[in-house]
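Undergrad: I'm passing along target-v9.cif; it holds mmCIF, C-alpha atoms.
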```cif
data_structure
#
loop_
_atom_site.label_atom_id
_atom_site.label_comp_id
_atom_site.auth_asym_id
_atom_site.auth_seq_id
_atom_site.Cartn_x
_atom_site.Cartn_y
_atom_site.Cartn_z
CA MET T 253 0.00 0.00 0.00
CA ARG T 254 1.36 3.39 -0.98
CA LEU T 255 1.73 6.37 1.31
CA THR T 256 -1.29 8.14 -0.20
CA ALA T 257 -3.48 5.06 0.34
CA VAL T 258 -2.46 4.90 4.00
CA MET T 259 -3.09 8.63 4.40
CA ALA T 260 -6.62 8.13 3.08
CA LEU T 261 -7.38 5.76 5.97
CA PHE T 262 -6.63 8.43 8.59
CA PRO T 263 -8.28 11.75 7.80
CA ASP T 264 -6.69 13.55 10.75
CA LEU T 265 -3.16 12.32 10.14
CA ARG T 266 -0.72 14.71 8.45
CA GLU T 267 1.74 13.35 5.93
CA THR T 268 4.70 14.90 7.76
CA GLU T 269 3.65 13.09 10.93
CA LEU T 270 3.45 9.72 9.19
CA GLN T 271 6.81 10.34 7.53
CA ALA T 272 8.32 11.15 10.90
CA TRP T 273 7.03 7.82 12.28
CA VAL T 274 8.73 6.00 9.40
CA GLU T 275 11.94 7.97 9.79
CA ARG T 276 12.09 7.24 13.52
CA GLY T 277 11.72 3.54 12.80
CA TRP T 278 8.33 3.24 14.50
CA VAL T 279 6.91 1.92 11.23
CA HIS T 280 9.10 -0.17 8.90
CA ALA T 281 7.74 0.96 5.55
CA GLN T 282 9.92 0.03 2.59
CA PRO T 283 11.15 2.83 0.35
CA SER T 284 9.72 2.53 -3.18
CA GLN T 285 10.42 4.55 -6.33
CA GLU T 286 8.21 7.44 -5.36
CA ASP T 287 7.57 7.22 -1.62
CA TRP T 288 6.94 4.28 0.70
CA GLU T 289 5.36 0.85 0.51
CA PHE T 290 3.36 -0.33 3.55
CA GLN T 291 2.65 -4.01 4.28
CA ASP T 292 -0.55 -4.98 6.17
CA ILE T 293 1.39 -5.25 9.41
CA ASP T 294 2.76 -1.71 8.88
CA VAL T 295 -0.74 -0.33 8.33
CA ALA T 296 -1.96 -2.09 11.47
CA ARG T 297 0.95 -0.52 13.31
CA VAL T 298 0.14 2.94 11.95
CA ARG T 299 -3.39 2.41 13.27
CA LEU T 300 -2.03 1.47 16.69
CA ILE T 301 0.36 4.45 16.83
CA HIS T 302 -2.49 6.68 15.65
CA ASP T 303 -4.68 5.38 18.51
CA LEU T 304 -1.95 5.96 21.05
CA ARG T 305 -0.97 9.43 19.88
CA HIS T 306 -4.31 10.89 18.78
CA ASP T 307 -6.97 9.20 20.90
CA LEU T 308 -5.09 8.25 24.04
CA ALA T 309 -2.76 11.27 24.13
CA VAL T 310 0.43 9.30 24.75
CA GLN T 311 3.29 11.82 24.71
CA GLU T 312 5.69 11.73 21.80
CA GLU T 313 8.73 11.18 24.02
CA THR T 314 6.99 8.25 25.73
CA MET T 315 6.23 6.48 22.45
CA PRO T 316 9.62 4.74 21.99
CA LEU T 317 9.24 3.23 25.45
CA VAL T 318 5.67 2.08 24.77
CA LEU T 319 6.54 0.60 21.37
CA SER T 320 9.64 -1.10 22.71
CA LEU T 321 7.65 -2.77 25.49
CA LEU T 322 4.89 -3.77 23.08
CA ASP T 323 7.42 -5.27 20.66
CA GLN T 324 8.97 -7.25 23.48
CA VAL T 325 5.57 -8.57 24.51
CA TYR T 326 4.73 -9.63 20.97
CA THR T 327 8.15 -11.22 20.53
CA LEU T 328 7.80 -13.15 23.77
CA ARG T 329 4.36 -14.33 22.75
CA GLY T 330 5.75 -15.53 19.43
CA GLN T 331 8.51 -17.42 21.22
CA MET T 332 6.01 -18.83 23.67
CA ARG T 333 3.90 -20.18 20.84
CA ALA T 334 7.00 -21.73 19.26
CA VAL T 335 7.78 -23.55 22.49
CA ALA T 336 4.15 -24.56 22.99
CA ARG T 337 4.14 -26.03 19.46
CA ALA T 338 7.37 -27.88 20.19
CA VAL T 339 5.83 -29.33 23.35
CA GLU T 340 2.68 -30.28 21.42
CA THR T 341 4.67 -32.55 19.11
CA GLN T 342 6.10 -34.57 22.01
CA ASP T 343 4.74 -37.88 23.28
CA GLU T 344 1.93 -37.81 25.79
CA ALA T 345 4.33 -38.92 28.53
CA VAL T 346 6.74 -36.07 27.80
CA ARG T 347 3.93 -33.51 27.75
CA ALA T 348 2.57 -34.82 31.03
CA ALA T 349 6.04 -34.63 32.57
CA ILE T 350 6.46 -31.04 31.43
CA LEU T 351 3.08 -30.03 32.81
CA ALA T 352 3.82 -31.79 36.07
CA ALA T 353 7.17 -29.98 36.35
CA LEU T 354 5.49 -26.64 35.68
CA ARG T 355 2.92 -27.21 38.40
CA GLU T 356 5.61 -27.71 41.00
CA MET A 183 -25.31 -1.93 23.09
CA LYS A 184 -25.58 -0.87 26.69
CA ASP A 185 -26.02 2.65 28.03
CA PRO A 186 -22.91 4.61 26.93
CA TYR A 187 -22.88 6.58 30.19
CA GLU A 188 -22.62 3.35 32.14
CA ILE A 189 -19.93 1.98 29.85
CA LEU A 190 -17.75 5.03 30.52
CA GLY A 191 -18.79 5.15 34.18
CA VAL A 192 -19.88 8.79 33.99
CA GLN A 193 -22.97 10.68 35.09
CA ARG A 194 -25.55 11.75 32.54
CA THR A 195 -24.62 15.33 33.42
CA ALA A 196 -20.88 14.82 32.86
CA ASP A 197 -19.24 17.49 30.71
CA GLU A 198 -17.09 16.86 27.64
CA ALA A 199 -13.85 16.94 29.59
CA ALA A 200 -15.07 14.33 32.06
CA ILE A 201 -16.27 12.07 29.25
CA HIS A 202 -12.98 12.41 27.43
CA ALA A 203 -10.96 11.72 30.58
CA ALA A 204 -13.03 8.64 31.42
CA TYR A 205 -12.66 7.39 27.84
CA ARG A 206 -8.88 7.81 27.80
CA LYS A 207 -8.46 6.07 31.11
CA LEU A 208 -10.54 3.07 30.03
CA ALA A 209 -9.19 2.95 26.47
CA LYS A 210 -5.58 2.87 27.67
CA LYS A 211 -6.40 -0.05 29.89
CA HIS A 212 -8.46 -2.07 27.43
CA HIS A 213 -6.81 -1.36 24.04
CA PRO A 214 -6.60 -4.81 22.42
CA ASP A 215 -3.04 -4.27 21.20
CA VAL A 216 -1.97 -3.70 24.79
CA ASN A 217 -3.88 -6.84 25.81
CA PRO A 218 -2.86 -9.38 23.15
CA GLY A 219 -3.72 -12.30 25.43
CA LYS A 220 -7.30 -11.22 26.17
CA PRO A 221 -9.68 -12.09 23.34
CA ASP A 222 -12.53 -10.14 24.97
CA ALA A 223 -10.51 -6.90 25.01
CA ALA A 224 -11.63 -6.09 21.44
CA ALA A 225 -15.30 -6.24 22.38
CA ARG A 226 -14.73 -4.16 25.50
CA PHE A 227 -12.62 -1.60 23.65
CA GLY A 228 -15.17 -1.42 20.84
CA GLU A 229 -17.86 -0.72 23.38
CA ILE A 230 -15.80 2.01 25.02
CA SER A 231 -14.96 3.61 21.65
CA ALA A 232 -18.59 3.49 20.52
CA ALA A 233 -19.78 5.04 23.79
CA HIS A 234 -17.19 7.79 23.47
CA ASP A 235 -18.04 8.32 19.81
CA LEU A 236 -21.69 8.82 20.69
CA LEU A 237 -21.22 11.01 23.77
CA SER A 238 -18.46 13.21 22.34
CA ASP A 239 -20.66 14.24 19.43
CA LYS A 240 -22.90 16.98 20.85
CA ASP A 241 -25.61 16.37 18.32
CA LYS A 242 -25.70 12.58 18.71
CA ARG A 243 -25.52 12.85 22.49
CA ALA A 244 -28.48 15.25 22.60
CA ARG A 245 -30.49 12.95 20.34
CA PHE A 246 -29.59 9.96 22.49
CA ASP A 247 -30.58 11.85 25.66
CA ARG A 248 -33.93 12.71 24.11
CA GLY A 249 -34.38 9.08 23.19
CA GLU A 250 -34.46 9.75 19.45
CA ILE A 251 -31.63 7.34 18.74
CA ASP A 252 -30.45 4.37 20.69
CA ALA A 253 -26.91 3.21 21.15
CA GLU A 254 -27.09 0.74 18.25
CA GLY A 255 -25.28 1.22 14.98
CA HIS A 256 -21.93 1.99 16.55
CA GLU A 257 -20.78 -1.58 16.79
CA ILE A 258 -18.70 -1.04 13.66
CA PHE A 259 -15.79 -0.22 15.97
CA GLN A 260 -15.51 -3.83 16.91
CA GLN A 261 -14.83 -4.88 13.36
CA ARG A 262 -11.65 -2.90 12.80
CA GLN A 263 -8.34 -4.68 12.55
CA TYR A 264 -5.92 -4.58 15.44
CA TYR A 265 -2.16 -4.76 15.34
CA ARG A 266 -2.20 -7.84 17.55
CA ASP A 267 -4.21 -9.75 14.93
CA ALA A 268 -2.10 -8.72 11.94
CA PRO A 269 0.41 -11.34 10.76
CA GLY A 270 4.11 -10.51 10.59
CA HIS A 271 5.10 -9.19 14.02
CA GLU A 272 8.56 -10.70 13.40
CA GLN A 273 9.23 -7.57 11.38
CA TYR A 274 9.31 -5.61 14.60
CA GLN A 275 11.22 -8.06 16.74
CA PRO A 276 13.94 -6.51 18.85
CA ALA A 277 17.38 -7.90 17.96
CA GLY A 278 18.44 -11.19 19.54
CA GLY A 279 16.83 -14.61 19.32
CA PHE A 280 16.31 -17.38 21.81
CA SER A 281 18.64 -17.60 24.73
CA GLN A 282 18.62 -20.26 27.41
CA GLU A 283 17.73 -17.63 29.98
CA ASP A 284 14.79 -16.35 27.93
CA LEU A 285 13.56 -19.84 27.43
CA GLU A 286 13.52 -20.71 31.11
CA ALA A 287 12.00 -17.41 32.12
CA PHE A 288 9.10 -17.60 29.76
CA PHE A 289 8.54 -21.28 30.32
CA ALA A 290 7.82 -20.35 33.89
CA GLN A 291 5.65 -17.43 32.87
CA ALA A 292 3.99 -18.63 29.70
CA PHE A 293 2.79 -21.94 31.03
CA GLY A 294 1.83 -20.44 34.35
CA GLN A 295 -0.44 -18.15 32.38
CA ALA A 296 -1.84 -20.78 30.06
CA GLY A 297 -2.75 -22.79 33.13
CA ARG A 298 -5.03 -20.09 34.40
CA ARG A 299 -7.30 -20.61 31.42
CA SER A 300 -9.97 -23.19 31.24
CA ASP A 301 -7.85 -25.89 29.54
CA TRP A 302 -6.43 -26.80 32.92
CA GLY A 303 -9.83 -26.53 34.49
CA ALA A 304 -10.70 -29.66 32.56
CA THR A 305 -8.05 -31.63 34.44
CA GLY A 306 -10.13 -31.36 37.58
CA ARG A 307 -8.01 -28.96 39.55
CA ALA A 308 -10.00 -26.40 41.54
CA ARG A 309 -9.16 -22.83 40.58
CA PRO A 310 -10.79 -19.74 42.03
CA GLY A 311 -12.26 -17.22 39.56
CA ARG A 312 -10.45 -14.13 38.42
CA ASP A 313 -10.95 -10.73 40.01
CA MET A 314 -12.55 -8.34 37.52
CA GLN A 315 -11.78 -4.64 37.47
CA TYR A 316 -14.22 -1.88 36.71
CA SER A 317 -14.25 1.86 37.11
CA LEU A 318 -17.03 4.18 38.10
CA THR A 319 -17.13 7.98 38.24
CA VAL A 320 -19.42 9.60 40.79
CA SER A 321 -20.09 13.23 41.61
CA PHE A 322 -18.56 14.85 44.67
CA VAL A 323 -21.95 15.05 46.36
CA ASP A 324 -22.84 11.41 45.66
CA ALA A 325 -19.47 10.27 47.01
CA ALA A 326 -19.90 12.42 50.12
CA THR A 327 -23.45 11.39 50.97
CA GLY A 328 -23.30 7.86 49.60
CA THR A 329 -25.41 6.43 46.79
CA THR A 330 -26.16 3.30 44.84
CA ARG A 331 -25.17 3.02 41.20
CA ARG A 332 -25.95 0.31 38.69
CA LEU A 333 -22.98 -0.98 36.72
CA SER A 334 -23.39 -2.90 33.46
CA LEU A 335 -20.84 -5.64 33.11
CA PRO A 336 -19.38 -6.68 29.74
CA ASP A 337 -21.13 -10.04 30.01
CA GLY A 338 -24.54 -8.33 30.18
CA LYS A 339 -25.08 -8.74 33.92
CA THR A 340 -25.73 -5.69 36.05
CA LEU A 341 -24.36 -5.00 39.47
CA ASP A 342 -25.78 -2.61 42.03
CA VAL A 343 -22.85 -0.90 43.65
CA ARG A 344 -23.42 0.71 47.04
CA ILE A 345 -21.06 3.64 47.44
CA PRO A 346 -20.74 4.36 51.16
CA PRO A 347 -20.84 7.96 52.43
CA GLY A 348 -17.44 9.63 52.40
CA THR A 349 -15.94 7.49 49.63
CA GLU A 350 -12.64 8.99 48.53
CA ASP A 351 -11.24 9.41 45.02
CA GLY A 352 -9.30 6.30 43.97
CA HIS A 353 -11.01 4.08 46.53
CA VAL A 354 -11.50 0.50 45.36
CA LEU A 355 -14.68 -1.30 46.37
CA ARG A 356 -14.50 -5.07 46.48
CA LEU A 357 -17.68 -7.01 45.78
CA ARG A 358 -17.07 -10.58 46.84
CA GLY A 359 -18.00 -13.31 44.42
CA GLN A 360 -18.99 -10.93 41.60
CA GLY A 361 -15.88 -11.56 39.48
CA GLY A 362 -15.03 -14.38 37.10
CA PRO A 363 -16.45 -17.86 37.78
CA GLY A 364 -14.38 -20.44 39.62
CA TYR A 365 -13.52 -23.81 38.12
CA ASN A 366 -14.28 -27.19 39.60
CA GLY A 367 -16.08 -25.96 42.65
CA ALA A 368 -13.72 -23.16 43.56
CA PRO A 369 -15.27 -19.81 44.57
CA ALA A 370 -15.85 -17.00 42.04
CA GLY A 371 -13.46 -14.04 41.99
CA ASP A 372 -14.31 -10.56 43.21
CA ALA A 373 -15.38 -7.44 41.34
CA LEU A 374 -13.01 -4.58 42.08
CA ILE A 375 -14.54 -1.20 41.38
CA GLU A 376 -12.30 1.82 41.35
CA ILE A 377 -14.20 4.97 42.23
CA THR A 378 -13.29 8.28 40.64
CA VAL A 379 -14.79 11.28 42.42
CA ALA A 380 -15.45 14.18 40.06
CA PRO A 381 -14.42 17.47 41.64
CA ASP A 382 -17.13 20.02 42.49
CA PRO A 383 -16.15 23.70 42.36
CA ARG A 384 -18.44 24.48 45.31
CA PHE A 385 -16.96 22.05 47.82
CA HIS A 386 -13.62 20.91 49.18
CA ARG A 387 -13.10 18.08 51.53
CA ASP A 388 -11.03 18.02 54.71
CA GLY A 389 -11.51 14.62 56.31
CA ASP A 390 -15.22 14.45 57.07
CA ASP A 391 -15.57 18.22 57.01
CA ILE A 392 -16.64 20.16 53.95
CA ILE A 393 -15.06 23.53 53.23
CA THR A 394 -16.92 26.10 51.12
CA ASP A 395 -15.81 29.57 50.06
CA LEU A 396 -18.60 32.13 50.10
CA PRO A 397 -18.07 35.57 48.53
CA VAL A 398 -19.94 38.40 50.30
CA THR A 399 -20.22 42.13 49.63
CA LEU A 400 -18.77 44.76 51.93
CA GLN A 401 -22.27 45.65 53.20
CA GLU A 402 -23.16 42.02 53.90
CA ALA A 403 -19.91 41.60 55.87
CA VAL A 404 -20.23 44.79 57.91
CA LEU A 405 -23.99 44.77 58.49
CA GLY A 406 -24.64 41.03 58.58
CA THR A 407 -27.26 39.20 56.56
CA SER A 408 -28.79 35.81 55.89
CA LEU A 409 -27.73 33.89 52.77
CA GLN A 410 -28.54 30.61 51.12
CA VAL A 411 -25.49 28.36 50.81
CA PRO A 412 -25.13 24.96 49.14
CA THR A 413 -24.35 21.94 51.29
CA ILE A 414 -23.94 18.35 50.26
CA HIS A 415 -27.36 17.75 51.83
CA GLY A 416 -29.03 20.58 49.86
CA PRO A 417 -29.15 24.37 50.28
CA VAL A 418 -29.55 25.86 53.77
CA LYS A 419 -29.93 29.39 55.19
CA LEU A 420 -26.84 30.74 56.90
CA SER A 421 -26.86 33.93 58.93
CA ILE A 422 -23.75 36.07 58.58
CA PRO A 423 -23.19 38.02 61.82
CA PRO A 424 -22.43 41.75 61.54
CA GLY A 425 -18.72 42.59 61.49
CA SER A 426 -17.62 39.44 59.61
CA GLY A 427 -14.62 39.61 57.30
CA THR A 428 -12.51 37.64 54.88
CA GLY A 429 -11.37 34.51 56.68
CA THR A 430 -14.35 34.40 59.04
CA ARG A 431 -15.28 30.74 59.31
CA LEU A 432 -18.86 29.81 60.03
CA ARG A 433 -19.83 26.31 61.00
CA LEU A 434 -22.87 24.48 59.70
CA ARG A 435 -23.26 21.80 62.29
CA GLY A 436 -23.75 18.26 61.03
CA LYS A 437 -23.71 19.30 57.37
CA GLY A 438 -20.49 17.45 56.59
CA ILE A 439 -19.81 13.82 55.78
CA ARG A 440 -21.09 11.35 58.40
CA SER A 441 -20.71 13.32 61.66
CA GLY A 442 -18.56 16.05 60.09
CA HIS A 443 -19.51 19.70 59.66
CA GLN A 444 -19.45 22.17 56.84
CA PHE A 445 -17.28 25.26 57.26
CA VAL A 446 -18.11 28.34 55.24
CA GLN A 447 -15.19 30.73 54.70
CA LEU A 448 -16.21 34.26 53.87
CA GLN A 449 -14.45 36.30 51.24
CA VAL A 450 -15.28 39.98 51.19
CA VAL A 451 -15.45 41.28 47.66
CA LEU A 452 -15.24 45.03 47.05
CA PRO A 453 -17.66 46.52 44.53
CA PRO A 454 -16.28 46.70 40.99
CA GLY A 455 -15.58 50.14 39.52
CA ASP A 456 -15.16 53.51 41.21
CA GLU A 457 -17.00 54.25 44.45
CA PRO A 458 -16.14 57.91 45.16
CA GLU A 459 -18.51 58.14 48.16
CA LEU A 460 -16.89 55.16 49.80
CA ALA A 461 -13.42 56.59 49.16
CA ALA A 462 -14.45 59.99 50.52
CA PHE A 463 -15.89 58.37 53.66
CA LEU A 464 -12.78 56.26 54.27
CA LYS A 465 -10.56 59.34 54.02
CA THR A 466 -12.36 60.93 56.97
CA TRP A 467 -12.87 57.70 58.92
CA THR A 468 -10.66 56.31 61.70
CA PRO A 469 -11.53 53.00 63.38
CA ARG A 470 -12.54 53.18 67.07
CA ARG A 471 -9.78 50.78 67.93
CA SER A 472 -6.70 51.26 65.79
CA PHE A 473 -5.09 48.03 64.67
CA ASN A 474 -2.51 46.66 62.24
CA PRO A 475 -3.70 43.48 60.46
CA ARG A 476 -0.07 42.50 59.69
CA GLU A 477 0.94 42.49 63.34
CA GLY A 478 1.53 39.26 65.19
CA SER A 479 1.08 37.09 62.14
#
```
Using structure tokens, write down the structure from this file.

TA:
Amino acid sequence: MRLTAVMALFPDLRETELQAWVERGWVHAQPSQEDWEFQDIDVARVRLIHDLRHDLAVQEETMPLVLSLLDQVYTLRGQMRAVARAVETQDEAVRAAILAALRE
Amino acid sequence: MKDPYEILGVQRTADEAAIHAAYRKLAKKHHPDVNPGKPDAAARFGEISAAHDLLSDKDKRARFDRGEIDAEGHEIFQQRQYYRDAPGHEQYQPAGGFSQEDLEAFFAQAFGQAGRRSDWGATGRARPGRDMQYSLTVSFVDAATGTTRRLSLPDGKTLDVRIPPGTEDGHVLRLRGQGGPGYNGAPAGDALIEITVAPDPRFHRDGDDIITDLPVTLQEAVLGTSLQVPTIHGPVKLSIPPGSGTGTRLRLRGKGIRSGHQFVQLQVVLPPGDEPELAAFLKTWTPRRSFNPREGS
């Protein structure tokens, strides 16, 4: 999705503001010939940052902290799922042993 | 959809600022992207957004208050996409992959958390229900005198919350057994209701006493009068004795919270604009007892 298409989704978002988010690395849009290319995940992230900044009045200087913590949470959840999947593929006895150990 | 005022925990008379503040507080807490592990956060957040959308639009709010429109038709908020549901979070992973330490730490945490869900309930282990958190905004007067408010819960149940007299801002009421259900015979959790007390420009609180500032004219202060003053129990007549001044404190017995009193502090206000007769009189006037108000302070 091009920059103009993303802009159209957020009537109260200025182009300079969105560009600043990309330049600060809050949104990882890929540079294209003319401007930027946004994947679905990038658009979802713009929507989240828009919520935080415009609706919930999170201060600009607090944003890196908030985004960093959010990214860590999502990363941990991804890793957790990976481990859960690994456990799933084990024999019943192994799974039971793991659960028993966790309940200690 | 439920009553938007109840969803935001505000009074029907709440002003725009109070509605906005209540919305921000709730939205920060329930934003689905901040709660990736709670599937019901999207419904709750959608409800909060829809309530705010309706009440922050003067026109829509007035039409809702008059009963011309109901709260339906705003559910569209629930259908938007959230960051947490978008694929590809790996893009935003901080540097560094699995380490042994990470693995152990989140094994402890991740599976501890998974266990709190119902999948372990099926194994027959008794688990008490979760405590649920809600917030409720009440007016200064309601908090001071006590009241009962009905709270709509996200699951459609309602809860009558008795707010005892003298409830302070930030106080958390615990309603036993009104939280999440317990598993396998364990007791239900509690409902925790955080009370926000909206400030009232007429009253301040000092323990169980109520402090009110009352502006009076020069004549009223010198000659005395009888004035109607607001109290948390309704307006009462107060007689101002002759010779009162700024700082004079009058007590309204038993008009505070519980057994407290209300104190009315007078503030003498000079007439606006020029008063040549008053100035001329003061030039020729000397008090019977001379005094210096700055002495001994």

Undergrad: Using only C-alpha atoms, find which residues of chain A lie within 6 Å of chain T and jot them down as a list in words.

TA: Arg206, Tyr265, Ala268 and Gln275 of chain A

Undergrad: Which residue out of A:Ala368, A:Val450, A:Ile439, A:Ala223 has the minimum interatomic distance to A:Ile393 when all atoms listed in the file are used?

TA: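 Checking each of A:Ala368, A:Val450, A:Ile439, A:Ala223 against A:Ile393, counting all atoms listed in the file, the winner is A:Ile439.
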
Undergrad: Counting all atoms listed in the file, what is within 6 Å of stretch 416-429 of chain A, bar same-chain residues fewer than 3 positions away, as a PyMOL selection string?

TA: chain A and resi 403-413+447-450

Undergrad: I need the residues from that last selection saved to file as a PDB file, in the frame of the given file (with C-alpha atoms), if you can.

TA:
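Output (again_23.pdb):
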```pdb
ATOM      1  CA  ALA A 403     -19.910  41.600  55.870  1.00  0.00           C
ATOM      2  CA  VAL A 404     -20.230  44.790  57.910  1.00  0.00           C
ATOM      3  CA  LEU A 405     -23.990  44.770  58.490  1.00  0.00           C
ATOM      4  CA  GLY A 406     -24.640  41.030  58.580  1.00  0.00           C
ATOM      5  CA  THR A 407     -27.260  39.200  56.560  1.00  0.00           C
ATOM      6  CA  SER A 408     -28.790  35.810  55.890  1.00  0.00           C
ATOM      7  CA  LEU A 409     -27.730  33.890  52.770  1.00  0.00           C
ATOM      8  CA  GLN A 410     -28.540  30.610  51.120  1.00  0.00           C
ATOM      9  CA  VAL A 411     -25.490  28.360  50.810  1.00  0.00           C
ATOM     10  CA  PRO A 412     -25.130  24.960  49.140  1.00  0.00           C
ATOM     11  CA  THR A 413     -24.350  21.940  51.290  1.00  0.00           C
ATOM     12  CA  GLN A 447     -15.190  30.730  54.700  1.00  0.00           C
ATOM     13  CA  LEU A 448     -16.210  34.260  53.870  1.00  0.00           C
ATOM     14  CA  GLN A 449     -14.450  36.300  51.240  1.00  0.00           C
ATOM     15  CA  VAL A 450     -15.280  39.980  51.190  1.00  0.00           C
TER      16      VAL A 450
END
```

Undergrad: Go through the shown structure with the PyMOL selection byres ((chain T and resi 254-261) around 12) and write out the matching residues as number ranges by chain.

TA: T: 253, 262-271, 274, 281-292, 294-299, 302; A: 262

Undergrad: Pick out the residues sitting within 9 Å of stretch 332-342 of chain A, and hand them over as a list in words; count all atoms listed in the file, and ignore anything fewer than 3 positions along from it in its own chain.

TA: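 Contacts, in chain order: Lys184, Asp185, Glu188, Ile189, Gly191, Ala225, Arg226, Glu229, Tyr316, Leu318 and Gln360 of chain A.
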
Undergrad: So what do you get for atom CA of A:Leu237 versus atom CA of A:Pro221, distance-wise?

TA: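 Separation of atom CA of A:Leu237 and atom CA of A:Pro221: 25.8 Å.
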
Undergrad: Which residues come within 12 Å of A:Asp391, counting all atoms listed in the file, excluding same-chain residues fewer than 3 positions away, as a list in words?

TA: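 So the residues in contact are Ala326, Gly348, Phe385, His386, Arg387, Asp388, Thr394, Thr413, Ile414, Arg433, Leu434, Arg435, Gly436, Lys437, Gly438, Ile439, Arg440, Ser441, Gly442, His443, Gln444, Phe445 and Val446 of chain A.
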
Undergrad: Taking (-16.3, 10.7, 44.1) in the coordinates of the supplied file, I want to know which residues reach to within 9 Å of it, counting only C-alpha atoms; could you give the answer as a PyMOL selection string?

TA: chain A and resi 318-326+348-353+377-381

Undergrad: Could you take the residues named above and write them with C-alpha atoms, as an mmCIF file, keeping the file's coordinate frame?

TA:
```
data_model
loop_
_atom_site.group_PDB
_atom_site.id
_atom_site.type_symbol
_atom_site.label_atom_id
_atom_site.label_comp_id
_atom_site.auth_asym_id
_atom_site.auth_seq_id
_atom_site.Cartn_x
_atom_site.Cartn_y
_atom_site.Cartn_z
ATOM 1 C CA LEU A 318 -17.030 4.180 38.100
ATOM 2 C CA THR A 319 -17.130 7.980 38.240
ATOM 3 C CA VAL A 320 -19.420 9.600 40.790
ATOM 4 C CA SER A 321 -20.090 13.230 41.610
ATOM 5 C CA PHE A 322 -18.560 14.850 44.670
ATOM 6 C CA VAL A 323 -21.950 15.050 46.360
ATOM 7 C CA ASP A 324 -22.840 11.410 45.660
ATOM 8 C CA ALA A 325 -19.470 10.270 47.010
ATOM 9 C CA ALA A 326 -19.900 12.420 50.120
ATOM 10 C CA GLY A 348 -17.440 9.630 52.400
ATOM 11 C CA THR A 349 -15.940 7.490 49.630
ATOM 12 C CA GLU A 350 -12.640 8.990 48.530
ATOM 13 C CA ASP A 351 -11.240 9.410 45.020
ATOM 14 C CA GLY A 352 -9.300 6.300 43.970
ATOM 15 C CA HIS A 353 -11.010 4.080 46.530
ATOM 16 C CA ILE A 377 -14.200 4.970 42.230
ATOM 17 C CA THR A 378 -13.290 8.280 40.640
ATOM 18 C CA VAL A 379 -14.790 11.280 42.420
ATOM 19 C CA ALA A 380 -15.450 14.180 40.060
ATOM 20 C CA PRO A 381 -14.420 17.470 41.640
#
```

Undergrad: Point out the residue among A:Ala370, A:Ala244, A:Val451, A:Met314 with the least atom-to-atom distance to A:Pro397, counting only C-alpha atoms.

TA: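 Looking at the shortest contact to A:Pro397, the residue is A:Val451.
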
Undergrad: Would you compute the distance between atom CA of A:Gly328 and atom CA of A:Lys210? Give it in Å to one decimal.

TA: 28.6 Å

Undergrad: N, CA and C atoms are needed for stretch 288-299 of chain T; please write them out as a PDB file, in the coordinates of the input.

TA:
```pdb
ATOM      1  N   TRP T 288       6.762   5.427  -0.180  1.00  0.00           N
ATOM      2  CA  TRP T 288       6.940   4.280   0.700  1.00  0.00           C
ATOM      3  C   TRP T 288       5.932   3.211   0.354  1.00  0.00           C
ATOM      4  N   GLU T 289       6.272   1.963   0.705  1.00  0.00           N
ATOM      5  CA  GLU T 289       5.360   0.850   0.510  1.00  0.00           C
ATOM      6  C   GLU T 289       5.053   0.266   1.900  1.00  0.00           C
ATOM      7  N   PHE T 290       3.772   0.176   2.237  1.00  0.00           N
ATOM      8  CA  PHE T 290       3.360  -0.330   3.550  1.00  0.00           C
ATOM      9  C   PHE T 290       2.760  -1.720   3.423  1.00  0.00           C
ATOM     10  N   GLN T 291       3.273  -2.693   4.185  1.00  0.00           N
ATOM     11  CA  GLN T 291       2.650  -4.010   4.280  1.00  0.00           C
ATOM     12  C   GLN T 291       1.438  -3.912   5.230  1.00  0.00           C
ATOM     13  N   ASP T 292       0.624  -4.964   5.269  1.00  0.00           N
ATOM     14  CA  ASP T 292      -0.550  -4.980   6.170  1.00  0.00           C
ATOM     15  C   ASP T 292      -0.136  -4.745   7.623  1.00  0.00           C
ATOM     16  N   ILE T 293       0.954  -5.390   8.018  1.00  0.00           N
ATOM     17  CA  ILE T 293       1.390  -5.250   9.410  1.00  0.00           C
ATOM     18  C   ILE T 293       1.782  -3.790   9.702  1.00  0.00           C
ATOM     19  N   ASP T 294       2.357  -3.116   8.693  1.00  0.00           N
ATOM     20  CA  ASP T 294       2.760  -1.710   8.880  1.00  0.00           C
ATOM     21  C   ASP T 294       1.529  -0.825   9.025  1.00  0.00           C
ATOM     22  N   VAL T 295       0.493  -1.122   8.240  1.00  0.00           N
ATOM     23  CA  VAL T 295      -0.740  -0.330   8.330  1.00  0.00           C
ATOM     24  C   VAL T 295      -1.393  -0.536   9.699  1.00  0.00           C
ATOM     25  N   ALA T 296      -1.386  -1.801  10.156  1.00  0.00           N
ATOM     26  CA  ALA T 296      -1.960  -2.090  11.470  1.00  0.00           C
ATOM     27  C   ALA T 296      -1.184  -1.330  12.553  1.00  0.00           C
ATOM     28  N   ARG T 297       0.117  -1.220  12.332  1.00  0.00           N
ATOM     29  CA  ARG T 297       0.950  -0.520  13.310  1.00  0.00           C
ATOM     30  C   ARG T 297       0.705   0.983  13.268  1.00  0.00           C
ATOM     31  N   VAL T 298       0.491   1.518  12.064  1.00  0.00           N
ATOM     32  CA  VAL T 298       0.140   2.940  11.950  1.00  0.00           C
ATOM     33  C   VAL T 298      -1.158   3.186  12.718  1.00  0.00           C
ATOM     34  N   ARG T 299      -2.101   2.244  12.585  1.00  0.00           N
ATOM     35  CA  ARG T 299      -3.390   2.410  13.270  1.00  0.00           C
ATOM     36  C   ARG T 299      -3.185   2.413  14.788  1.00  0.00           C
TER      37      ARG T 299
END
```
